[in-house]
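S.K.: This is the content of work.cif (mmCIF, C-alpha atoms):
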data_entry
#
loop_
_atom_site.group_PDB
_atom_site.id
_atom_site.type_symbol
_atom_site.label_atom_id
_atom_site.label_comp_id
_atom_site.auth_asym_id
_atom_site.auth_seq_id
_atom_site.Cartn_x
_atom_site.Cartn_y
_atom_site.Cartn_z
ATOM 1 C CA MET A 20 84.720 -54.387 24.092
ATOM 2 C CA ARG A 21 81.546 -56.066 25.383
ATOM 3 C CA ALA A 22 80.817 -53.162 27.746
ATOM 4 C CA LEU A 23 81.135 -50.688 24.854
ATOM 5 C CA GLN A 24 78.792 -52.833 22.730
ATOM 6 C CA THR A 25 76.264 -52.944 25.553
ATOM 7 C CA ALA A 26 76.462 -49.205 26.226
ATOM 8 C CA THR A 27 76.181 -48.379 22.528
ATOM 9 C CA LEU A 28 73.129 -50.583 22.092
ATOM 10 C CA LEU A 29 71.540 -49.309 25.279
ATOM 11 C CA VAL A 30 71.906 -45.616 24.436
ATOM 12 C CA ALA A 31 70.788 -46.169 20.817
ATOM 13 C CA THR A 32 67.742 -48.071 22.099
ATOM 14 C CA LEU A 33 66.882 -45.277 24.530
ATOM 15 C CA GLY A 34 67.198 -42.661 21.792
ATOM 16 C CA ALA A 35 65.041 -44.654 19.395
ATOM 17 C CA GLY A 36 62.478 -45.159 22.150
ATOM 18 C CA LEU A 37 62.352 -41.455 22.944
ATOM 19 C CA MET A 38 61.767 -40.618 19.281
ATOM 20 C CA ALA A 39 59.163 -43.354 18.885
ATOM 21 C CA GLY A 40 57.335 -42.017 21.923
ATOM 22 C CA LEU A 41 57.468 -38.409 20.783
ATOM 23 C CA PHE A 42 56.207 -39.105 17.273
ATOM 24 C CA ALA A 43 53.583 -41.541 18.542
ATOM 25 C CA ALA A 44 52.316 -38.972 21.058
ATOM 26 C CA PHE A 45 51.866 -36.523 18.221
ATOM 27 C CA ALA A 46 50.021 -39.195 16.226
ATOM 28 C CA TYR A 47 47.561 -40.257 18.919
ATOM 29 C CA ALA A 48 47.178 -37.164 21.099
ATOM 30 C CA VAL A 49 48.647 -33.866 19.932
ATOM 31 C CA MET A 50 47.435 -33.785 16.332
ATOM 32 C CA PRO A 51 43.956 -35.205 17.057
ATOM 33 C CA GLY A 52 43.621 -32.573 19.769
ATOM 34 C CA LEU A 53 44.781 -29.772 17.503
ATOM 35 C CA ALA A 54 42.501 -31.050 14.724
ATOM 36 C CA ARG A 55 39.591 -29.894 16.886
ATOM 37 C CA SER A 56 40.867 -26.337 17.031
ATOM 38 C CA ALA A 57 40.228 -23.319 14.829
ATOM 39 C CA ASP A 58 42.572 -22.703 11.903
ATOM 40 C CA ARG A 59 44.434 -19.802 13.511
ATOM 41 C CA THR A 60 44.863 -21.708 16.780
ATOM 42 C CA PHE A 61 46.124 -24.788 14.914
ATOM 43 C CA VAL A 62 48.622 -22.832 12.815
ATOM 44 C CA GLN A 63 49.925 -20.789 15.739
ATOM 45 C CA ALA A 64 50.245 -23.842 17.986
ATOM 46 C CA MET A 65 52.190 -25.796 15.353
ATOM 47 C CA GLN A 66 54.427 -22.806 14.631
ATOM 48 C CA HIS A 67 55.228 -22.497 18.339
ATOM 49 C CA ILE A 68 55.793 -26.258 18.728
ATOM 50 C CA ASN A 69 58.049 -26.405 15.675
ATOM 51 C CA ARG A 70 60.165 -23.542 16.968
ATOM 52 C CA ALA A 71 60.322 -24.854 20.531
ATOM 53 C CA ILE A 72 61.319 -28.391 19.593
ATOM 54 C CA LEU A 73 64.596 -27.297 18.017
ATOM 55 C CA ASN A 74 66.705 -27.754 21.130
ATOM 56 C CA GLY A 75 69.197 -30.203 22.573
ATOM 57 C CA TRP A 76 66.530 -32.202 24.387
ATOM 58 C CA PHE A 77 65.144 -33.134 20.967
ATOM 59 C CA LEU A 78 68.271 -33.087 18.794
ATOM 60 C CA ILE A 79 70.434 -35.349 20.979
ATOM 61 C CA PRO A 80 68.046 -38.334 21.078
ATOM 62 C CA PHE A 81 67.061 -37.688 17.442
ATOM 63 C CA LEU A 82 70.590 -37.549 15.996
ATOM 64 C CA LEU A 83 72.706 -39.625 18.409
ATOM 65 C CA PRO A 84 71.201 -43.043 17.542
ATOM 66 C CA ILE A 85 72.503 -42.807 13.976
ATOM 67 C CA PRO A 86 76.248 -42.869 14.735
ATOM 68 C CA LEU A 87 75.600 -45.198 17.672
ATOM 69 C CA LEU A 88 73.791 -47.676 15.422
ATOM 70 C CA VAL A 89 76.646 -47.540 12.922
ATOM 71 C CA LEU A 90 79.086 -48.160 15.789
ATOM 72 C CA ALA A 91 76.866 -50.936 17.173
ATOM 73 C CA THR A 92 76.884 -52.567 13.734
ATOM 74 C CA VAL A 93 80.690 -52.449 13.544
ATOM 75 C CA LEU A 94 81.065 -53.713 17.114
ATOM 76 C CA ALA A 95 78.571 -56.537 16.547
ATOM 77 C CA TRP A 96 80.350 -57.507 13.348
ATOM 78 C CA ASN A 97 83.729 -57.642 15.094
ATOM 79 C CA GLY A 98 82.697 -58.673 18.605
ATOM 80 C CA HIS A 99 80.617 -61.170 20.527
ATOM 81 C CA GLY A 100 77.357 -59.485 19.590
ATOM 82 C CA ARG A 101 77.070 -61.089 16.161
ATOM 83 C CA VAL A 102 73.813 -62.743 17.148
ATOM 84 C CA ALA A 103 72.307 -59.241 17.386
ATOM 85 C CA LEU A 104 73.792 -57.991 14.106
ATOM 86 C CA PRO A 105 70.775 -58.592 11.812
ATOM 87 C CA TRP A 106 68.484 -56.860 14.294
ATOM 88 C CA VAL A 107 70.828 -53.901 14.700
ATOM 89 C CA LEU A 108 71.143 -53.551 10.923
ATOM 90 C CA ALA A 109 67.370 -53.703 10.474
ATOM 91 C CA ALA A 110 66.933 -51.102 13.220
ATOM 92 C CA LEU A 111 69.511 -48.862 11.542
ATOM 93 C CA VAL A 112 67.641 -49.068 8.223
ATOM 94 C CA LEU A 113 64.289 -48.299 9.867
ATOM 95 C CA TYR A 114 65.714 -45.494 11.987
ATOM 96 C CA LEU A 115 67.341 -43.909 8.937
ATOM 97 C CA ALA A 116 64.070 -44.215 7.009
ATOM 98 C CA GLY A 117 62.295 -42.377 9.846
ATOM 99 C CA PHE A 118 65.084 -39.795 9.940
ATOM 100 C CA PHE A 119 64.713 -39.168 6.209
ATOM 101 C CA VAL A 120 60.929 -38.867 6.533
ATOM 102 C CA THR A 121 61.474 -36.234 9.212
ATOM 103 C CA SER A 122 64.145 -34.298 7.331
ATOM 104 C CA GLY A 123 62.622 -34.761 3.872
ATOM 105 C CA VAL A 124 58.915 -34.265 4.578
ATOM 106 C CA ASN A 125 58.008 -33.094 8.082
ATOM 107 C CA VAL A 126 60.717 -30.440 8.459
ATOM 108 C CA PRO A 127 60.009 -28.841 5.052
ATOM 109 C CA LEU A 128 56.301 -28.782 5.931
ATOM 110 C CA ASN A 129 57.178 -27.183 9.285
ATOM 111 C CA ASN A 130 59.306 -24.566 7.540
ATOM 112 C CA ALA A 131 56.581 -23.792 5.007
ATOM 113 C CA LEU A 132 54.012 -23.404 7.779
ATOM 114 C CA ASP A 133 56.367 -21.139 9.698
ATOM 115 C CA LYS A 134 56.664 -18.829 6.658
ATOM 116 C CA ALA A 135 52.979 -19.013 5.726
ATOM 117 C CA ASP A 136 51.086 -15.791 5.300
ATOM 118 C CA THR A 137 48.358 -15.958 7.920
ATOM 119 C CA GLY A 138 47.212 -12.354 7.585
ATOM 120 C CA ASP A 139 43.557 -13.281 7.188
ATOM 121 C CA ASP A 140 41.276 -16.237 7.861
ATOM 122 C CA HIS A 141 41.364 -17.467 4.256
ATOM 123 C CA ARG A 142 45.179 -17.592 4.107
ATOM 124 C CA THR A 143 45.339 -19.195 7.550
ATOM 125 C CA ALA A 144 42.909 -21.906 6.432
ATOM 126 C CA ALA A 145 44.950 -22.428 3.252
ATOM 127 C CA ALA A 146 48.177 -22.755 5.274
ATOM 128 C CA ARG A 147 46.566 -25.333 7.527
ATOM 129 C CA SER A 148 45.125 -27.230 4.590
ATOM 130 C CA ALA A 149 48.529 -27.405 2.862
ATOM 131 C CA PHE A 150 50.140 -28.666 6.060
ATOM 132 C CA GLU A 151 47.908 -30.806 8.233
ATOM 133 C CA GLY A 152 46.994 -33.862 6.145
ATOM 134 C CA ARG A 153 50.480 -34.524 4.776
ATOM 135 C CA TRP A 154 52.185 -33.811 8.083
ATOM 136 C CA VAL A 155 49.880 -36.116 10.037
ATOM 137 C CA THR A 156 50.278 -38.941 7.499
ATOM 138 C CA TRP A 157 54.059 -38.725 7.424
ATOM 139 C CA ASN A 158 54.281 -38.293 11.186
ATOM 140 C CA THR A 159 52.375 -41.558 11.594
ATOM 141 C CA ILE A 160 54.799 -43.243 9.193
ATOM 142 C CA ARG A 161 57.838 -41.984 11.072
ATOM 143 C CA ALA A 162 56.253 -42.979 14.381
ATOM 144 C CA LEU A 163 55.820 -46.524 13.061
ATOM 145 C CA LEU A 164 59.381 -46.612 11.682
ATOM 146 C CA HIS A 165 60.927 -45.396 14.935
ATOM 147 C CA THR A 166 58.733 -47.720 17.001
ATOM 148 C CA ALA A 167 59.798 -50.683 14.887
ATOM 149 C CA ALA A 168 63.451 -49.621 15.201
ATOM 150 C CA PHE A 169 63.025 -49.365 18.972
ATOM 151 C CA GLY A 170 61.494 -52.851 19.135
ATOM 152 C CA LEU A 171 64.292 -54.334 17.046
ATOM 153 C CA LEU A 172 66.896 -52.654 19.224
ATOM 154 C CA ALA A 173 65.259 -53.929 22.392
ATOM 155 C CA TRP A 174 65.416 -57.439 20.920
ATOM 156 C CA ALA A 175 69.039 -56.916 19.811
ATOM 157 C CA LEU A 176 69.920 -55.740 23.309
ATOM 158 C CA PHE A 177 68.300 -58.835 24.775
ATOM 159 C CA LEU A 178 70.142 -61.127 22.341
ATOM 160 C CA HIS A 179 73.406 -59.333 23.012
ATOM 161 C CA GLY A 180 72.869 -59.690 26.747
ATOM 162 C CA THR A 181 72.167 -63.398 26.548
ATOM 163 C CA ALA A 182 74.884 -64.217 24.007
ATOM 164 C CA GLY A 183 77.330 -66.651 25.497
ATOM 165 C CA VAL A 184 75.231 -67.236 28.617
ATOM 166 C CA VAL A 185 75.014 -70.941 29.452
#
Would it be possible to restate this file's structure as structure tokens?

M.R.:
Amino acid sequence: MRALQTATLLVATLGAGLMAGLFAAFAYAVMPGLARSADRTFVQAMQHINRAILNGWFLIPFLLPIPLLVLATVLAWNGHGRVALPWVLAALVLYLAGFFVTSGVNVPLNNALDKADTGDDHRTAAARSAFEGRWVTWNTIRALLHTAAFGLLAWALFLHGTAGVV
């Protein structure tokens, strides 16, 4: 049981860390870099990124932590990892909040940008304007949520690892 708890926490922590890193990289490097580009370049780059990211390398670490955190909560509740339970629960709440920001705000903005009419410079500028500010703001929020979840999970993993050690 303890090995399953450890593995569950470890993989959930890795997944949360990968998502925190991805969203943070967009916040401090990708979007500031693209902000310096022309409207058509910005729109095309984001369209290509948003299409390319829909793959297993993204979806597995994005989706897998959710059931793992639920399992980690159940295992901590019933096992020796109770000392980590509040931290796992807090991480689950933060991770889910970040997940809902992604699915409720960023993905719809991505989809709208993908369907945007960019036939001329004016429409391209309008598509960018409707997308960029909101997307950047909500990406920063989800980066902070996933980073906080990662930190809490790292602490929970530490507490779980030291539980019962004399």

S.K.: Give me, as a PyMOL selection string, all polymer residues having an atom no more than 10 Å from A:Leu28, counting only C-alpha atoms and skipping those fewer than 3 positions away in the same chain.

M.R.: chain A and resi 22-25+31-34+84+87-88+90-92+94-95+103+107+172-173+175-177+179

S.K.: Once the PyMOL selection byres ((chain A and resi 58) around 12) is applied to the coordinates I shared, what remains selected? I want it as number ranges by chain.

M.R.: A: 53-57, 59-65, 137, 139-151

S.K.: List the spatial neighbours of A:Trp174 as a list in words - criterion: any atom at most 8 Å away, all atoms listed in the file, same-chain residues fewer than 4 positions off excluded.

M.R.: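 The contact residues come out as Ala103, Trp106, Gly170 and Leu178 of chain A.
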
S.K.: Which residues are close to A:Leu163, i.e. within 12 Å by all atoms listed in the file, leaving aside same-chain residues fewer than 2 positions away? Reply as a CSV table (one decimal) with C-alpha atoms, in the coordinates of the input.

M.R.:
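See around-v2.csv below for the written result:
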chain,number,residue,atom,x,y,z
A,35,ALA,CA,65.0,-44.7,19.4
A,36,GLY,CA,62.5,-45.2,22.2
A,38,MET,CA,61.8,-40.6,19.3
A,39,ALA,CA,59.2,-43.4,18.9
A,40,GLY,CA,57.3,-42.0,21.9
A,41,LEU,CA,57.5,-38.4,20.8
A,42,PHE,CA,56.2,-39.1,17.3
A,43,ALA,CA,53.6,-41.5,18.5
A,44,ALA,CA,52.3,-39.0,21.1
A,45,PHE,CA,51.9,-36.5,18.2
A,46,ALA,CA,50.0,-39.2,16.2
A,47,TYR,CA,47.6,-40.3,18.9
A,113,LEU,CA,64.3,-48.3,9.9
A,114,TYR,CA,65.7,-45.5,12.0
A,116,ALA,CA,64.1,-44.2,7.0
A,117,GLY,CA,62.3,-42.4,9.8
A,118,PHE,CA,65.1,-39.8,9.9
A,120,VAL,CA,60.9,-38.9,6.5
A,156,THR,CA,50.3,-38.9,7.5
A,157,TRP,CA,54.1,-38.7,7.4
A,158,ASN,CA,54.3,-38.3,11.2
A,159,THR,CA,52.4,-41.6,11.6
A,160,ILE,CA,54.8,-43.2,9.2
A,161,ARG,CA,57.8,-42.0,11.1
A,165,HIS,CA,60.9,-45.4,14.9
A,166,THR,CA,58.7,-47.7,17.0
A,167,ALA,CA,59.8,-50.7,14.9
A,168,ALA,CA,63.5,-49.6,15.2
A,169,PHE,CA,63.0,-49.4,19.0
A,170,GLY,CA,61.5,-52.9,19.1

S.K.: Which value, in Å to one decimal, gives the distance between atom CA of A:Leu83 and atom CA of A:Ala131?

M.R.: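 Computed distance, atom CA of A:Leu83 to atom CA of A:Ala131, equals 26.3 Å.
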
S.K.: Between A:Gly180, A:Val155, A:Leu37, A:Pro105, which has the minimum distance to A:Val49 (counting all atoms listed in the file)?

M.R.: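 Using all atoms listed in the file, the shortest distance to A:Val49 belongs to A:Val155.
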
S.K.: Rounded to one decimal, what separation in Å do you get between atom CA of A:Leu171 and atom CA of A:Met50?

M.R.: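 Interatomic distance, atom CA of A:Leu171 to atom CA of A:Met50: 26.6 Å.
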
S.K.: How many Å separate atom CA of A:Trp154 from atom CA of A:Ala109?

M.R.: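 Going from atom CA of A:Trp154 over to atom CA of A:Ala109, I get 25.1 Å.
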
S.K.: Nearest to A:Ala162 among A:Asn125, A:Arg101, A:Met20, A:Thr181, with distances taken over only C-alpha atoms: which residue is it?

M.R.: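 Closest to A:Ala162, using only C-alpha atoms: A:Asn125.
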
S.K.: So, counting all atoms listed in the file, which residue among A:Ala110, A:Leu73, A:Ala48, A:Leu104 is closest to A:Asn129?

M.R.: A:Leu73

S.K.: From the set A:Lys134, A:Val102, A:Leu108, A:Phe119, which residue has the shortest atom-to-atom contact distance to A:Ala182, counting only C-alpha atoms?

M.R.: A:Val102

S.K.: Which one is closest to A:Leu128: A:Thr27, A:Asn69, A:Asn97, A:Asn74? Count only C-alpha atoms.

M.R.: A:Asn69

S.K.: Restricting the calculation to only C-alpha atoms: of A:Val30, A:Pro51, A:Val112, A:Gln66, which residue gets closest to A:Val126?

M.R.: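 Nearest candidate to A:Val126 out of A:Val30, A:Pro51, A:Val112, A:Gln66: A:Gln66.
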